[in-house]
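A quick write-up on the structure given underneath.
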Amino acid sequence: MSEPRVVVVTGGSRGLGVAIVRSFLDDGDRVATCSRSATAHTDGWASDPATADRFHFAAADLSDRQACRAFVRGVIERFGRIDVLVNNAGVARDGVLGLTQDDDVDAVIDLNLKGTIETTRLVSRRMLRQGSGRIINISSVVGRSGYRGLSVYGATKAALDGFTRALARELGSRGITVNSVAPGYLRTEMTHGLDEGDLGQIVRRTPAGRLGEPEDVAAAVRFLASPEAAFITGHVLVVDGGLTS
Ligand code: NAP
């Protein structure tokens, strides 16, 4: 039997990241994740005898380039290779652009864009040496259709889809696919700021008639990482119940 894959999921301590980590662990893969703080989820996987020897957690702030390097180095030291990278860690700061503070603009760009690019830069070098790999960027429908108060966030997510398309062209001949998954609105900490009126309006405009669940998005990520998706690259897979269709 072949060795289990090594999957890196950034921001796997809560929200969507937890569902993505769980789905790869359930498939028997080795999974590494990071976030600024550990949670009951990451502590649980690290101590559960069913997952402890194939789960790696490191505290890392990916808006810091040195921390990206240390995290990727740690994964290689522990597991020796990286087969799948899921760039999931992201942050949103809600507010009218004209009133947005410098720190908020920097926090969103430094993590969503610079952190994702740096992590991918490091991991892609490893994948190029291996001659194979899957890179999946979690963008957002906000990068496609926009949402008031999320202009900086939307800019980073639209940029990620551009990053996906360009990198797919660069790495396609080297056995590496690069795709985006663009979720609609999910019930996670990130959407706690939306009031019930906003959420109700989103649901009414969604053909599927509900908000997304992290598991809906994790299933799309799992597919893009699977052998069946080998001929799909440079694609943005929208998972939004039809909201932006
Ligand atoms: P979330 O519940 O806020 O979780 C974000 C994750 O990223 C956490 O694990 C968090 O842990 C980590 N993180 C945040 N800042 C970090 C940093 N500087 N360095 C390293 N890790 C960091 O968000 P979510 O809803 O699961 O979102 C996950 C992804 O889906 C994001 O890219 C988001 O933009 C995208 N998305 C979400 C929705 C939605 O409706 N929720 C919709 C479309 C797209 P720490 O805070 O401990 O660092």
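In the structure tokens, chains take the letters A, B, ... in the order shown, each chain's residues start at 1, and ligands count up from 1 in the order shown.
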
Mind running chain A against ligand 1 at 7 Å and telling me each contacting residue's nearest atom pair with the distance in Å (one decimal), counting only C-alpha atoms and all ligand atoms, chain and number ascending, as JSON lines?
```
{"residue": "A:Thr10", "atom": "CA", "partner": "ligand 1", "partner_atom_place_in_ligand_line": "21 (N)", "distance": 6.4}
{"residue": "A:Gly11", "atom": "CA", "partner": "ligand 1", "partner_atom_place_in_ligand_line": "9 (O)", "distance": 3.5}
{"residue": "A:Gly12", "atom": "CA", "partner": "ligand 1", "partner_atom_place_in_ligand_line": "9 (O)", "distance": 4.7}
{"residue": "A:Ser13", "atom": "CA", "partner": "ligand 1", "partner_atom_place_in_ligand_line": "9 (O)", "distance": 4.0}
{"residue": "A:Arg14", "atom": "CA", "partner": "ligand 1", "partner_atom_place_in_ligand_line": "9 (O)", "distance": 4.6}
{"residue": "A:Gly15", "atom": "CA", "partner": "ligand 1", "partner_atom_place_in_ligand_line": "26 (O)", "distance": 3.5}
{"residue": "A:Leu16", "atom": "CA", "partner": "ligand 1", "partner_atom_place_in_ligand_line": "26 (O)", "distance": 3.7}
{"residue": "A:Gly17", "atom": "CA", "partner": "ligand 1", "partner_atom_place_in_ligand_line": "26 (O)", "distance": 5.5}
{"residue": "A:Cys34", "atom": "CA", "partner": "ligand 1", "partner_atom_place_in_ligand_line": "21 (N)", "distance": 6.1}
{"residue": "A:Ser35", "atom": "CA", "partner": "ligand 1", "partner_atom_place_in_ligand_line": "21 (N)", "distance": 3.6}
{"residue": "A:Arg36", "atom": "CA", "partner": "ligand 1", "partner_atom_place_in_ligand_line": "48 (O)", "distance": 3.6}
{"residue": "A:Ser37", "atom": "CA", "partner": "ligand 1", "partner_atom_place_in_ligand_line": "47 (O)", "distance": 4.1}
{"residue": "A:Ala38", "atom": "CA", "partner": "ligand 1", "partner_atom_place_in_ligand_line": "47 (O)", "distance": 6.5}
{"residue": "A:Ala60", "atom": "CA", "partner": "ligand 1", "partner_atom_place_in_ligand_line": "20 (C)", "distance": 5.5}
{"residue": "A:Asp61", "atom": "CA", "partner": "ligand 1", "partner_atom_place_in_ligand_line": "19 (N)", "distance": 3.5}
{"residue": "A:Leu62", "atom": "CA", "partner": "ligand 1", "partner_atom_place_in_ligand_line": "19 (N)", "distance": 3.9}
{"residue": "A:Ser63", "atom": "CA", "partner": "ligand 1", "partner_atom_place_in_ligand_line": "18 (N)", "distance": 4.9}
{"residue": "A:Asn88", "atom": "CA", "partner": "ligand 1", "partner_atom_place_in_ligand_line": "32 (O)", "distance": 4.6}
{"residue": "A:Ala89", "atom": "CA", "partner": "ligand 1", "partner_atom_place_in_ligand_line": "7 (O)", "distance": 3.7}
{"residue": "A:Gly90", "atom": "CA", "partner": "ligand 1", "partner_atom_place_in_ligand_line": "32 (O)", "distance": 3.6}
{"residue": "A:Val91", "atom": "CA", "partner": "ligand 1", "partner_atom_place_in_ligand_line": "14 (C)", "distance": 5.6}
{"residue": "A:Ala92", "atom": "CA", "partner": "ligand 1", "partner_atom_place_in_ligand_line": "34 (O)", "distance": 6.6}
{"residue": "A:Leu111", "atom": "CA", "partner": "ligand 1", "partner_atom_place_in_ligand_line": "18 (N)", "distance": 5.5}
{"residue": "A:Asn112", "atom": "CA", "partner": "ligand 1", "partner_atom_place_in_ligand_line": "32 (O)", "distance": 6.8}
{"residue": "A:Ile138", "atom": "CA", "partner": "ligand 1", "partner_atom_place_in_ligand_line": "32 (O)", "distance": 5.3}
{"residue": "A:Ser139", "atom": "CA", "partner": "ligand 1", "partner_atom_place_in_ligand_line": "44 (C)", "distance": 5.6}
{"residue": "A:Ser140", "atom": "CA", "partner": "ligand 1", "partner_atom_place_in_ligand_line": "43 (C)", "distance": 4.1}
{"residue": "A:Val141", "atom": "CA", "partner": "ligand 1", "partner_atom_place_in_ligand_line": "43 (C)", "distance": 6.3}
{"residue": "A:Ala182", "atom": "CA", "partner": "ligand 1", "partner_atom_place_in_ligand_line": "44 (C)", "distance": 6.3}
{"residue": "A:Pro183", "atom": "CA", "partner": "ligand 1", "partner_atom_place_in_ligand_line": "43 (C)", "distance": 4.3}
{"residue": "A:Gly184", "atom": "CA", "partner": "ligand 1", "partner_atom_place_in_ligand_line": "42 (C)", "distance": 5.0}
{"residue": "A:Tyr185", "atom": "CA", "partner": "ligand 1", "partner_atom_place_in_ligand_line": "40 (O)", "distance": 3.5}
{"residue": "A:Leu186", "atom": "CA", "partner": "ligand 1", "partner_atom_place_in_ligand_line": "40 (O)", "distance": 3.6}
{"residue": "A:Arg187", "atom": "CA", "partner": "ligand 1", "partner_atom_place_in_ligand_line": "41 (N)", "distance": 5.9}
{"residue": "A:Thr188", "atom": "CA", "partner": "ligand 1", "partner_atom_place_in_ligand_line": "25 (O)", "distance": 4.7}
{"residue": "A:Glu189", "atom": "CA", "partner": "ligand 1", "partner_atom_place_in_ligand_line": "2 (O)", "distance": 4.3}
{"residue": "A:Met190", "atom": "CA", "partner": "ligand 1", "partner_atom_place_in_ligand_line": "3 (O)", "distance": 4.4}
{"residue": "A:Thr191", "atom": "CA", "partner": "ligand 1", "partner_atom_place_in_ligand_line": "41 (N)", "distance": 5.4}
```

**region 125-131 of chain A environment, 8 Å, only C-alpha atoms, sequence neighbours closer than 4 positions dropped, as a ChimeraX atom specification** = /A:81-83,121,174-176

Would you mind exporting the chosen residues as a compact mmCIF listing (two decimals), in the first residue's frame, restricted to all heavy atoms?
```txt
# COMPACT_ATOMS: atom_id res chain seq x y z
N ARG A 81 7.49 15.37 3.34
CA ARG A 81 7.00 15.81 2.03
C ARG A 81 5.68 16.56 2.21
O ARG A 81 5.12 16.57 3.32
CB ARG A 81 6.79 14.63 1.09
CG ARG A 81 5.83 13.58 1.62
CD ARG A 81 5.71 12.38 0.69
NE ARG A 81 5.06 12.73 -0.56
CZ ARG A 81 5.62 12.57 -1.77
NH1 ARG A 81 6.81 12.06 -1.89
NH2 ARG A 81 4.97 12.92 -2.87
N ILE A 82 5.19 17.19 1.14
CA ILE A 82 3.86 17.83 1.17
C ILE A 82 3.18 17.53 -0.16
O ILE A 82 3.70 17.88 -1.23
CB ILE A 82 3.96 19.36 1.39
CG1 ILE A 82 4.59 19.66 2.76
CG2 ILE A 82 2.56 20.01 1.30
CD1 ILE A 82 4.83 21.15 3.03
N ASP A 83 2.04 16.86 -0.10
CA ASP A 83 1.31 16.49 -1.32
C ASP A 83 0.19 17.46 -1.65
O ASP A 83 -0.14 17.65 -2.82
CB ASP A 83 0.74 15.07 -1.15
CG ASP A 83 1.84 14.06 -0.93
OD1 ASP A 83 2.63 13.83 -1.86
OD2 ASP A 83 1.95 13.53 0.21
N ARG A 121 4.66 29.75 -2.00
CA ARG A 121 6.01 29.84 -2.59
C ARG A 121 6.92 28.75 -2.01
O ARG A 121 7.59 28.03 -2.74
CB ARG A 121 6.57 31.23 -2.27
CG ARG A 121 7.83 31.58 -3.00
CD ARG A 121 8.01 33.08 -3.02
NE ARG A 121 8.44 33.59 -1.74
CZ ARG A 121 9.61 34.23 -1.53
NH1 ARG A 121 10.43 34.40 -2.54
NH2 ARG A 121 9.90 34.70 -0.35
N ARG A 174 4.27 20.54 -14.54
CA ARG A 174 5.13 19.90 -13.54
C ARG A 174 4.34 19.00 -12.60
O ARG A 174 4.80 18.64 -11.51
CB ARG A 174 5.88 20.98 -12.72
CG ARG A 174 6.57 22.03 -13.59
CD ARG A 174 7.74 21.46 -14.38
NE ARG A 174 8.81 21.04 -13.49
CZ ARG A 174 9.77 21.84 -13.05
NH1 ARG A 174 9.80 23.10 -13.46
NH2 ARG A 174 10.69 21.39 -12.23
N GLY A 175 3.12 18.66 -13.03
CA GLY A 175 2.32 17.70 -12.24
C GLY A 175 1.63 18.32 -11.05
O GLY A 175 1.20 17.60 -10.14
N ILE A 176 1.51 19.64 -11.03
CA ILE A 176 0.90 20.31 -9.87
C ILE A 176 -0.35 21.05 -10.34
O ILE A 176 -0.28 21.85 -11.28
CB ILE A 176 1.89 21.32 -9.23
CG1 ILE A 176 3.17 20.59 -8.80
CG2 ILE A 176 1.24 22.04 -8.05
CD1 ILE A 176 4.32 21.53 -8.45
```

Could you list, with a cut-off of 12 Å and counting only C-alpha atoms, the residues of region 1-117 of chain A near region 143-167 of chain A, each shown with its nearest atom pair and the distance in Å rounded to one decimal, rows sorted by chain and ascending number, as a Markdown table?
```
| residue | atom | partner | partner_atom | distance |
| --- | --- | --- | --- | --- |
| A:Asn87 | CA | A:Leu160 | CA | 9.9 |
| A:Asn88 | CA | A:Leu160 | CA | 11.3 |
| A:Ala89 | CA | A:Lys157 | CA | 11.9 |
| A:Gly90 | CA | A:Tyr153 | CA | 9.1 |
| A:Val91 | CA | A:Tyr153 | CA | 7.7 |
| A:Ala92 | CA | A:Tyr153 | CA | 5.7 |
| A:Arg93 | CA | A:Leu150 | CA | 7.1 |
| A:Asp94 | CA | A:Gly149 | CA | 5.3 |
| A:Gly95 | CA | A:Gly149 | CA | 4.5 |
| A:Val96 | CA | A:Gly149 | CA | 4.9 |
| A:Leu97 | CA | A:Ser151 | CA | 6.8 |
| A:Gly98 | CA | A:Gly149 | CA | 10.0 |
| A:Leu99 | CA | A:Gly149 | CA | 10.1 |
| A:Thr100 | CA | A:Val152 | CA | 9.3 |
| A:Gln101 | CA | A:Val152 | CA | 11.3 |
| A:Asp102 | CA | A:Val152 | CA | 11.3 |
| A:Asp103 | CA | A:Val152 | CA | 12.0 |
| A:Asp104 | CA | A:Val152 | CA | 9.0 |
| A:Val105 | CA | A:Val152 | CA | 6.6 |
| A:Asp106 | CA | A:Val152 | CA | 9.5 |
| A:Ala107 | CA | A:Tyr153 | CA | 10.0 |
| A:Val108 | CA | A:Tyr153 | CA | 6.3 |
| A:Ile109 | CA | A:Thr156 | CA | 6.4 |
| A:Asp110 | CA | A:Thr156 | CA | 9.6 |
| A:Leu111 | CA | A:Thr156 | CA | 9.4 |
| A:Asn112 | CA | A:Thr156 | CA | 6.2 |
| A:Leu113 | CA | A:Thr156 | CA | 5.8 |
| A:Lys114 | CA | A:Thr156 | CA | 9.4 |
| A:Gly115 | CA | A:Thr156 | CA | 11.2 |
| A:Thr116 | CA | A:Leu160 | CA | 8.5 |
| A:Ile117 | CA | A:Phe163 | CA | 8.3 |
```

Would you put the residues from that selection into a file with N, CA and C atoms, as a CSV table (one decimal), in the first residue's frame?
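File result_9.csv, as written:
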```
chain,number,residue,atom,x,y,z
A,87,ASN,N,-4.8,26.5,1.3
A,87,ASN,CA,-4.6,27.8,1.9
A,87,ASN,C,-6.0,28.3,2.4
A,88,ASN,N,-6.2,28.0,3.7
A,88,ASN,CA,-7.6,28.3,4.2
A,88,ASN,C,-7.5,29.5,5.2
A,89,ALA,N,-6.4,29.7,5.9
A,89,ALA,CA,-6.4,30.8,6.9
A,89,ALA,C,-6.7,32.1,6.3
A,90,GLY,N,-7.6,32.8,6.9
A,90,GLY,CA,-8.0,34.1,6.3
A,90,GLY,C,-8.7,34.9,7.4
A,91,VAL,N,-8.7,36.3,7.2
A,91,VAL,CA,-9.3,37.1,8.1
A,91,VAL,C,-10.1,38.2,7.4
A,92,ALA,N,-11.3,38.6,8.0
A,92,ALA,CA,-12.1,39.7,7.4
A,92,ALA,C,-12.2,40.8,8.4
A,93,ARG,N,-12.1,42.0,8.0
A,93,ARG,CA,-12.3,43.2,8.9
A,93,ARG,C,-13.4,44.0,8.2
A,94,ASP,N,-14.5,44.1,8.9
A,94,ASP,CA,-15.7,44.7,8.4
A,94,ASP,C,-15.7,46.2,8.6
A,95,GLY,N,-16.0,47.0,7.6
A,95,GLY,CA,-16.1,48.4,7.8
A,95,GLY,C,-16.1,49.2,6.5
A,96,VAL,N,-16.7,50.4,6.5
A,96,VAL,CA,-16.7,51.3,5.3
A,96,VAL,C,-15.3,51.7,5.0
A,97,LEU,N,-14.9,51.6,3.8
A,97,LEU,CA,-13.5,51.8,3.4
A,97,LEU,C,-12.9,53.1,4.0
A,98,GLY,N,-13.6,54.2,3.8
A,98,GLY,CA,-13.1,55.5,4.2
A,98,GLY,C,-12.8,55.6,5.7
A,99,LEU,N,-13.4,54.7,6.5
A,99,LEU,CA,-13.2,54.7,8.0
A,99,LEU,C,-12.3,53.6,8.4
A,100,THR,N,-11.8,52.8,7.5
A,100,THR,CA,-10.9,51.7,7.8
A,100,THR,C,-9.5,52.2,8.3
A,101,GLN,N,-9.0,51.6,9.4
A,101,GLN,CA,-7.7,51.9,9.9
A,101,GLN,C,-6.6,51.2,9.2
A,102,ASP,N,-5.4,51.8,9.2
A,102,ASP,CA,-4.2,51.2,8.6
A,102,ASP,C,-4.0,49.7,9.0
A,103,ASP,N,-4.2,49.5,10.3
A,103,ASP,CA,-3.9,48.2,10.9
A,103,ASP,C,-4.9,47.1,10.3
A,104,ASP,N,-6.1,47.6,10.0
A,104,ASP,CA,-7.1,46.6,9.5
A,104,ASP,C,-6.8,46.3,8.0
A,105,VAL,N,-6.4,47.3,7.3
A,105,VAL,CA,-6.0,47.0,5.9
A,105,VAL,C,-4.8,46.1,5.9
A,106,ASP,N,-3.8,46.4,6.7
A,106,ASP,CA,-2.6,45.5,6.7
A,106,ASP,C,-2.9,44.1,7.2
A,107,ALA,N,-3.7,44.0,8.2
A,107,ALA,CA,-4.0,42.6,8.7
A,107,ALA,C,-4.6,41.7,7.7
A,108,VAL,N,-5.5,42.3,6.9
A,108,VAL,CA,-6.2,41.5,5.9
A,108,VAL,C,-5.3,41.1,4.7
A,109,ILE,N,-4.5,42.1,4.2
A,109,ILE,CA,-3.6,41.9,3.1
A,109,ILE,C,-2.5,41.0,3.5
A,110,ASP,N,-1.9,41.2,4.7
A,110,ASP,CA,-0.8,40.5,5.2
A,110,ASP,C,-1.1,39.0,5.3
A,111,LEU,N,-2.3,38.6,5.8
A,111,LEU,CA,-2.6,37.2,6.0
A,111,LEU,C,-3.2,36.6,4.7
A,112,ASN,N,-4.3,37.2,4.2
A,112,ASN,CA,-5.0,36.6,3.1
A,112,ASN,C,-4.2,36.5,1.8
A,113,LEU,N,-3.4,37.5,1.6
A,113,LEU,CA,-2.6,37.6,0.3
A,113,LEU,C,-1.1,37.3,0.5
A,114,LYS,N,-0.4,38.1,1.4
A,114,LYS,CA,1.0,37.8,1.5
A,114,LYS,C,1.3,36.5,2.2
A,115,GLY,N,0.5,36.2,3.2
A,115,GLY,CA,0.8,34.9,3.9
A,115,GLY,C,0.5,33.7,3.0
A,116,THR,N,-0.6,33.8,2.2
A,116,THR,CA,-0.9,32.7,1.3
A,116,THR,C,0.2,32.6,0.2
A,117,ILE,N,0.6,33.7,-0.3
A,117,ILE,CA,1.6,33.7,-1.4
A,117,ILE,C,2.9,33.1,-0.8
```

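Candidate residues A:Pro49, A:Gly200, A:Gly172, A:Gly212 were compared for distance to Phe231 (chain A), and the nearest is A:Gly172, using only C-alpha atoms.
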
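Those residues in region 158-188 of chain A carrying a DSSP assignment of strand (DSSP E), computed from the backbone, are Ile176, Thr177, Val178, Asn179, Ser180, Val181, Ala182 and Pro183 of chain A.
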
**Message:** My list of candidates is A:Asp48, A:Glu118, A:Glu228, A:Asp216. Which is closest to Ala70 (chain A) when distances are computed with only C-alpha atoms?
**Reply:** A:Glu118

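Rounded to one decimal, CA of Glu196 (chain A) and CA of Leu211 (chain A) lie 11.9 Å from each other.
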
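Checking A:Ala32, A:Val21, A:Val203, A:Ala40 one by one against Glu77 (chain A), counting only C-alpha atoms, you find the shortest gap at A:Ala32.
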
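Among A:Val238, A:Ala208, A:Ala229, A:Leu194, the residue with the shortest atom-to-atom distance to Ser180 (chain A), counting only C-alpha atoms, is A:Val238.
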